[in-house]
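Asks: My questions will all concern the structure given below.
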Amino acid sequence: MNSEKIEIFDTTLRDGEQVPGCKLNTEQKLTIAERLDALGIDIIEAGFPISSPGDFESVSEISKLVKNATVCGLTRANKKDIDVAAEALQFAKKPRIHTGIGTSDSHIRYKFNSNREDIIERAAEAVKYAKTYVEDVEFYAEDAGRTDNEYLAQVCEAVIKAGATVLNIPDTTGYCLPEEYGEKIKYLKENVKGIEKAVLSCHCHNDLGLATANSIAGAINGARQIECTINGLGERAGNTALEEVVMILKQHKDLNLHTDVNSRMLNEMSLMVSDLMGMSVQPNKAIVGANAFAHSSGIHQDGVIKNRETYEIIDPAEVGVNASSIILTARSGRSALAYRFKHIGYEVTKNELDYLYQEFLKIADMKKEICNDDLSLIMTAFNRKIG
Ligand code: KIV
Ligand code: ZN
């Protein structure tokens, strides 16, 4: 069976930038957008043009710069927002307007003091209006995760009729379980009239740590676009992590889904975004964390030294990391110690290793990690002792 493509919609510069404490200037956004384009991203959400003059400028400059990807701007479901987004996107080779409105009962009641019928009308009106500017219009049903499926299907039908080319089904509050989110996508695929004219998109937040799992469940059930950010950045607990989606689909060929992202650039992208946003990446973060390919316990180290695949499912080179690392700690064993001695130029015999290992443990019990300088000191003391 032929593998189907999942379009990658990167929203690092819009939803990602909503992370508290982060502010990127236009120049920094251009640097990121240029690398995202080189990475093979299909759609770059460049910002929310009406939100500030700075965001307008960024979307406009990114539109001029990006060569391959579609450039997208966010709006609420009103004419003013859409006018401003269209103006900011006017230089894009492939512009997309991303408009939408809250569809859950709590959004309808508390945010809009409105009713379901009115929301459908406003949604369809916004899409129709955006279509007067661009062919490619994505509609988001904010809080779709907590919107009942029957009503959500009615909203989807109305916006497809109005011309929406992509239907974004956000789990805005990160509430859904993977089965539930997958079911929602399946329900829409099976019950929305005209669904074959639009692409279903997953946009999942990570409040329960399920954003990536939910997005993958959506793709398995028929979504063909995933919205995500580098390092999973975003409001509260963040968004689906782009690097995780790309590598899950790469590792699980059984899913018959793929992306066009060049995975060898993922580590570089992660470091650049972390640096520009001033947001460090947790060391145990999947794929791009500093410890993602580091082994510190003796049993694992012994296995990896014999064959990397014993404890690694991804070749680090595939994500742009030079090599796995063997970290020496008090939990390390003799084979890791011999490996690291060899690495710094010392071949040791089995008897020498027995002695050196005991000396190593004395220091390792006092330190978090043993570095090459410590090993050199252990070796110098040993050489002095044997004369
Ligand atoms: O999480 C969300 O619902 C969003 C929409 C504005 C697309 O970010
Ligand atoms: Zn979001």
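Identifiers for the structure tokens are assigned positionally: chains receive A, B, ... in sequence, residues are indexed from 1 per chain, and ligands are indexed from 1 in the order shown.
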Could you please extract the residues within 10 Å of ligand 1, counting only C-alpha atoms and all ligand atoms, and hand them back as number ranges by chain?
Replies: A: 11, 14-16, 18, 48, 74-76, 98-102, 138-145, 168-174, 202-205, 227, 234-235, 238-239
Asks: Output C-alpha atoms for every residue in the selection just made, as an mmCIF file, in the first residue's frame.
Replies:
```cif
data_model
loop_
_atom_site.group_PDB
_atom_site.id
_atom_site.type_symbol
_atom_site.label_atom_id
_atom_site.label_comp_id
_atom_site.auth_asym_id
_atom_site.auth_seq_id
_atom_site.Cartn_x
_atom_site.Cartn_y
_atom_site.Cartn_z
ATOM 1 C CA THR A 11 2.813 27.185 14.237
ATOM 2 C CA ARG A 14 2.092 31.933 16.177
ATOM 3 C CA ASP A 15 0.852 29.435 18.805
ATOM 4 C CA GLY A 16 4.438 28.650 19.864
ATOM 5 C CA GLN A 18 2.245 32.580 22.763
ATOM 6 C CA PHE A 48 -1.839 36.755 13.876
ATOM 7 C CA LEU A 74 -4.566 33.658 11.815
ATOM 8 C CA THR A 75 -7.786 35.641 12.204
ATOM 9 C CA ARG A 76 -10.938 35.619 14.273
ATOM 10 C CA HIS A 98 -6.785 30.649 8.964
ATOM 11 C CA THR A 99 -10.065 31.857 10.370
ATOM 12 C CA GLY A 100 -12.404 30.395 12.958
ATOM 13 C CA ILE A 101 -14.553 30.600 16.033
ATOM 14 C CA GLY A 102 -15.231 28.702 19.268
ATOM 15 C CA GLU A 138 -8.505 26.977 6.728
ATOM 16 C CA PHE A 139 -11.275 27.036 9.313
ATOM 17 C CA TYR A 140 -10.657 26.290 13.013
ATOM 18 C CA ALA A 141 -13.435 25.166 15.330
ATOM 19 C CA GLU A 142 -11.875 26.359 18.573
ATOM 20 C CA ASP A 143 -12.357 23.926 21.482
ATOM 21 C CA ALA A 144 -13.496 21.219 19.050
ATOM 22 C CA GLY A 145 -12.107 18.747 21.581
ATOM 23 C CA ASN A 168 -8.811 22.401 11.814
ATOM 24 C CA ILE A 169 -10.183 20.398 14.758
ATOM 25 C CA PRO A 170 -8.317 21.838 17.757
ATOM 26 C CA ASP A 171 -8.211 20.172 21.120
ATOM 27 C CA THR A 172 -7.651 23.668 22.463
ATOM 28 C CA THR A 173 -7.592 22.702 26.132
ATOM 29 C CA GLY A 174 -5.681 19.423 25.707
ATOM 30 C CA CYS A 202 -5.159 17.998 14.038
ATOM 31 C CA HIS A 203 -4.233 20.830 16.400
ATOM 32 C CA CYS A 204 -3.630 19.405 19.859
ATOM 33 C CA HIS A 205 -2.519 21.002 23.101
ATOM 34 C CA GLU A 227 -0.283 21.384 13.423
ATOM 35 C CA GLY A 234 3.115 26.915 23.183
ATOM 36 C CA GLU A 235 0.732 28.292 25.776
ATOM 37 C CA GLY A 238 2.429 23.630 24.811
ATOM 38 C CA ASN A 239 1.456 22.131 21.462
#
```
Asks: Would you list the contacts of A:Glu352 as a list in words, taking every protein, DNA or RNA residue within 12 Å and counting only C-alpha atoms, but skipping same-chain residues closer than 6 positions in sequence?
Replies: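 The residues satisfying every condition are Arg334, Leu337, Ala338, Phe341, Tyr346, Gln358, Glu359, Phe360, Ile378, Met379, Phe382, Asn383, Lys385 and Ile386 of chain A.
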Asks: Can you list, as a ChimeraX atom specification, all residues belonging to stretch 80-216 of chain A that DSSP tags as alpha helix (DSSP H)?
Replies: /A:80-88,105-106,116-131,149-162,178-191,211-216
Asks: Find the residues around A:Lys128 up to 12 Å (only C-alpha atoms counted), leave out those fewer than 6 positions away in its own chain, and share them as an mmCIF file with C-alpha atoms, in the first residue's frame.
Replies:
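This went into selection.cif:
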```
data_model
loop_
_atom_site.group_PDB
_atom_site.id
_atom_site.type_symbol
_atom_site.label_atom_id
_atom_site.label_comp_id
_atom_site.auth_asym_id
_atom_site.auth_seq_id
_atom_site.Cartn_x
_atom_site.Cartn_y
_atom_site.Cartn_z
ATOM 1 C CA ALA A 77 -14.208 35.236 12.388
ATOM 2 C CA ASN A 78 -14.664 38.886 11.469
ATOM 3 C CA LYS A 79 -14.074 41.057 8.431
ATOM 4 C CA ILE A 82 -9.527 38.985 7.610
ATOM 5 C CA ILE A 97 -6.068 32.573 5.759
ATOM 6 C CA THR A 99 -10.065 31.857 10.370
ATOM 7 C CA GLY A 100 -12.404 30.395 12.958
ATOM 8 C CA GLU A 121 -23.640 31.545 10.416
ATOM 9 C CA ARG A 122 -20.640 33.554 11.606
ATOM 10 C CA VAL A 134 -7.447 33.749 -1.176
ATOM 11 C CA GLU A 135 -8.301 30.323 -2.525
ATOM 12 C CA ASP A 136 -6.792 28.484 0.453
ATOM 13 C CA VAL A 137 -8.926 29.040 3.572
ATOM 14 C CA GLU A 138 -8.505 26.977 6.728
ATOM 15 C CA PHE A 139 -11.275 27.036 9.313
ATOM 16 C CA ALA A 158 -21.405 24.744 6.605
ATOM 17 C CA VAL A 159 -17.811 25.955 6.252
ATOM 18 C CA ILE A 160 -17.021 23.439 3.517
ATOM 19 C CA LYS A 161 -20.042 24.765 1.627
ATOM 20 C CA ALA A 162 -18.648 28.267 2.144
ATOM 21 C CA GLY A 163 -15.341 27.160 0.587
ATOM 22 C CA ALA A 164 -13.039 26.015 3.418
ATOM 23 C CA THR A 165 -10.189 23.886 2.077
#
```
Asks: Pick out each residue of stretch 17-240 of chain A that DSSP on the backbone tags as strand (DSSP E); I need them as a ChimeraX atom specification.
Replies: /A:43-47,70-76,95-102,136-142,166-171,199-204,225-228
Asks: Could you pull the residues within 8 Å of A:Leu24, counting only C-alpha atoms, minus those fewer than 4 positions along the same chain, as a PDB file with C-alpha atoms, in the first residue's frame?
Replies:
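New file out_9.pdb:
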```pdb
ATOM      1  CA  GLU A  17       5.240  32.295  20.394  1.00  0.00           C
ATOM      2  CA  GLN A  28      14.360  36.422  14.618  1.00  0.00           C
ATOM      3  CA  LYS A  29      11.071  35.281  13.091  1.00  0.00           C
ATOM      4  CA  LEU A 276      16.109  32.537  20.005  1.00  0.00           C
ATOM      5  CA  MET A 277      13.112  32.067  22.294  1.00  0.00           C
TER       6      MET A 277
END
```
Asks: Find the distance between atom CA of A:Ile314 and atom CA of A:Ile230 and write it in Å to one decimal.
Replies: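 Computed distance, atom CA of A:Ile314 to atom CA of A:Ile230, equals 18.6 Å.
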Asks: Which residue is closest to ligand 2? Choose from A:Ile344, A:Ala323, A:Ala211, A:Ile363 and count only C-alpha atoms and all ligand atoms.
Replies: A:Ala211
Asks: What's around A:Ser263 at 8 Å? Count only C-alpha atoms, leave out sequence neighbours fewer than 4 positions away in its own chain, and write the answer as a ChimeraX atom specification.
Replies: /A:39,243,246-247,318-320
Asks: Just C-alpha atoms for this one: save the residues we selected as a PDB file, in the first residue's frame.
Replies:
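Contents of selection.pdb, as written:
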```
ATOM      1  CA  LEU A  39      13.278  21.874   6.730  1.00  0.00           C
ATOM      2  CA  GLU A 243      10.016  16.557  15.948  1.00  0.00           C
ATOM      3  CA  VAL A 246       8.039  13.477  12.197  1.00  0.00           C
ATOM      4  CA  MET A 247       9.985  10.707  13.930  1.00  0.00           C
ATOM      5  CA  GLU A 318      18.737  10.654  11.507  1.00  0.00           C
ATOM      6  CA  VAL A 319      17.878  13.670  13.644  1.00  0.00           C
ATOM      7  CA  GLY A 320      21.219  15.394  13.161  1.00  0.00           C
TER       8      GLY A 320
END
```
Asks: Taking only C-alpha atoms and all ligand atoms into account, which of A:Val192, A:Ile226, A:Leu328, A:Leu266 comes nearest ligand 2?
Replies: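 Nearest candidate to ligand 2 out of A:Val192, A:Ile226, A:Leu328, A:Leu266: A:Ile226.
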Asks: Could you name the residues that touch A:Asn115 at 12 Å or less, counting only C-alpha atoms, but leaving out those on the same chain fewer than 6 positions away, as a ChimeraX atom specification?
Replies: /A:102-109,121-122,151
Asks: Let's have the selection written as a PDB file, in the first residue's frame, with N, CA and C atoms.
Replies:
```pdb
ATOM      1  N   GLY A 102     -15.010  29.755  18.271  1.00  0.00           N
ATOM      2  CA  GLY A 102     -15.231  28.702  19.268  1.00  0.00           C
ATOM      3  C   GLY A 102     -16.550  27.981  19.032  1.00  0.00           C
ATOM      4  N   THR A 103     -16.538  26.660  19.149  1.00  0.00           N
ATOM      5  CA  THR A 103     -17.755  25.887  18.851  1.00  0.00           C
ATOM      6  C   THR A 103     -18.271  25.080  20.043  1.00  0.00           C
ATOM      7  N   SER A 104     -17.515  25.038  21.126  1.00  0.00           N
ATOM      8  CA  SER A 104     -18.005  24.266  22.284  1.00  0.00           C
ATOM      9  C   SER A 104     -19.090  25.083  22.982  1.00  0.00           C
ATOM     10  N   ASP A 105     -19.949  24.405  23.744  1.00  0.00           N
ATOM     11  CA  ASP A 105     -21.031  25.146  24.410  1.00  0.00           C
ATOM     12  C   ASP A 105     -20.472  26.210  25.343  1.00  0.00           C
ATOM     13  N   SER A 106     -19.350  25.920  26.004  1.00  0.00           N
ATOM     14  CA  SER A 106     -18.843  26.931  26.934  1.00  0.00           C
ATOM     15  C   SER A 106     -18.310  28.146  26.172  1.00  0.00           C
ATOM     16  N   HIS A 107     -17.677  27.951  25.018  1.00  0.00           N
ATOM     17  CA  HIS A 107     -17.237  29.116  24.220  1.00  0.00           C
ATOM     18  C   HIS A 107     -18.448  29.892  23.714  1.00  0.00           C
ATOM     19  N   ILE A 108     -19.457  29.143  23.229  1.00  0.00           N
ATOM     20  CA  ILE A 108     -20.635  29.821  22.649  1.00  0.00           C
ATOM     21  C   ILE A 108     -21.336  30.664  23.725  1.00  0.00           C
ATOM     22  N   ARG A 109     -21.468  30.053  24.911  1.00  0.00           N
ATOM     23  CA  ARG A 109     -22.202  30.762  25.972  1.00  0.00           C
ATOM     24  C   ARG A 109     -21.355  31.877  26.583  1.00  0.00           C
ATOM     25  N   GLU A 121     -23.529  30.450  11.398  1.00  0.00           N
ATOM     26  CA  GLU A 121     -23.640  31.545  10.416  1.00  0.00           C
ATOM     27  C   GLU A 121     -22.359  32.382  10.367  1.00  0.00           C
ATOM     28  N   ARG A 122     -21.858  32.724  11.550  1.00  0.00           N
ATOM     29  CA  ARG A 122     -20.640  33.554  11.606  1.00  0.00           C
ATOM     30  C   ARG A 122     -19.441  32.815  11.007  1.00  0.00           C
ATOM     31  N   TYR A 151     -22.852  18.421  16.443  1.00  0.00           N
ATOM     32  CA  TYR A 151     -22.844  19.861  16.143  1.00  0.00           C
ATOM     33  C   TYR A 151     -21.580  20.232  15.355  1.00  0.00           C
TER      34      TYR A 151
END
```
Asks: Identify, on the basis of only C-alpha atoms, every residue whose closest approach to A:Ser297 does not exceed 9 Å; exclude the query and any residue fewer than 5 positions from it along the same chain; express the result as a PyMOL selection string.
Replies: chain A and resi 302+326-333
Asks: Interatomic distance between atom CA of A:Ile287 and atom CA of A:Asn372?
Replies: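 Atom-to-atom, atom CA of A:Ile287 to atom CA of A:Asn372, that is 25.7 Å.
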Asks: Restricting the calculation to only C-alpha atoms and all ligand atoms: of A:Ala198, A:Ile120, A:Val19, A:Ala130, which residue gets closest to ligand 2?
Replies: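 Of all the options, A:Val19 lies closest to ligand 2.
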Asks: Compare A:Thr349, A:Ser335, A:Asn256, A:Asn113 by their minimum atom-to-atom distance to A:Ala219, counting only C-alpha atoms, and give me the closest one.
Replies: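 Among A:Thr349, A:Ser335, A:Asn256, A:Asn113, it is A:Asn256 that comes nearest to A:Ala219.
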Asks: Nearest to ligand 2: which of A:Asp10, A:Asp118, A:Glu312, A:Glu190 is it, counting only C-alpha atoms and all ligand atoms?
Replies: A:Asp10
Asks: What is the distance, in Å and to one decimal place, between atom CA of A:Leu152 and atom CA of A:Gly182?
Replies: 14.4 Å
Asks: For each of A:Glu45, A:Glu7, A:Asp374, A:Glu117, take the minimum atom-to-atom distance to ligand 2, counting only C-alpha atoms and all ligand atoms, then give the residue where this is smallest.
Replies: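 The shortest atom-to-atom distance to ligand 2 comes from A:Glu45.
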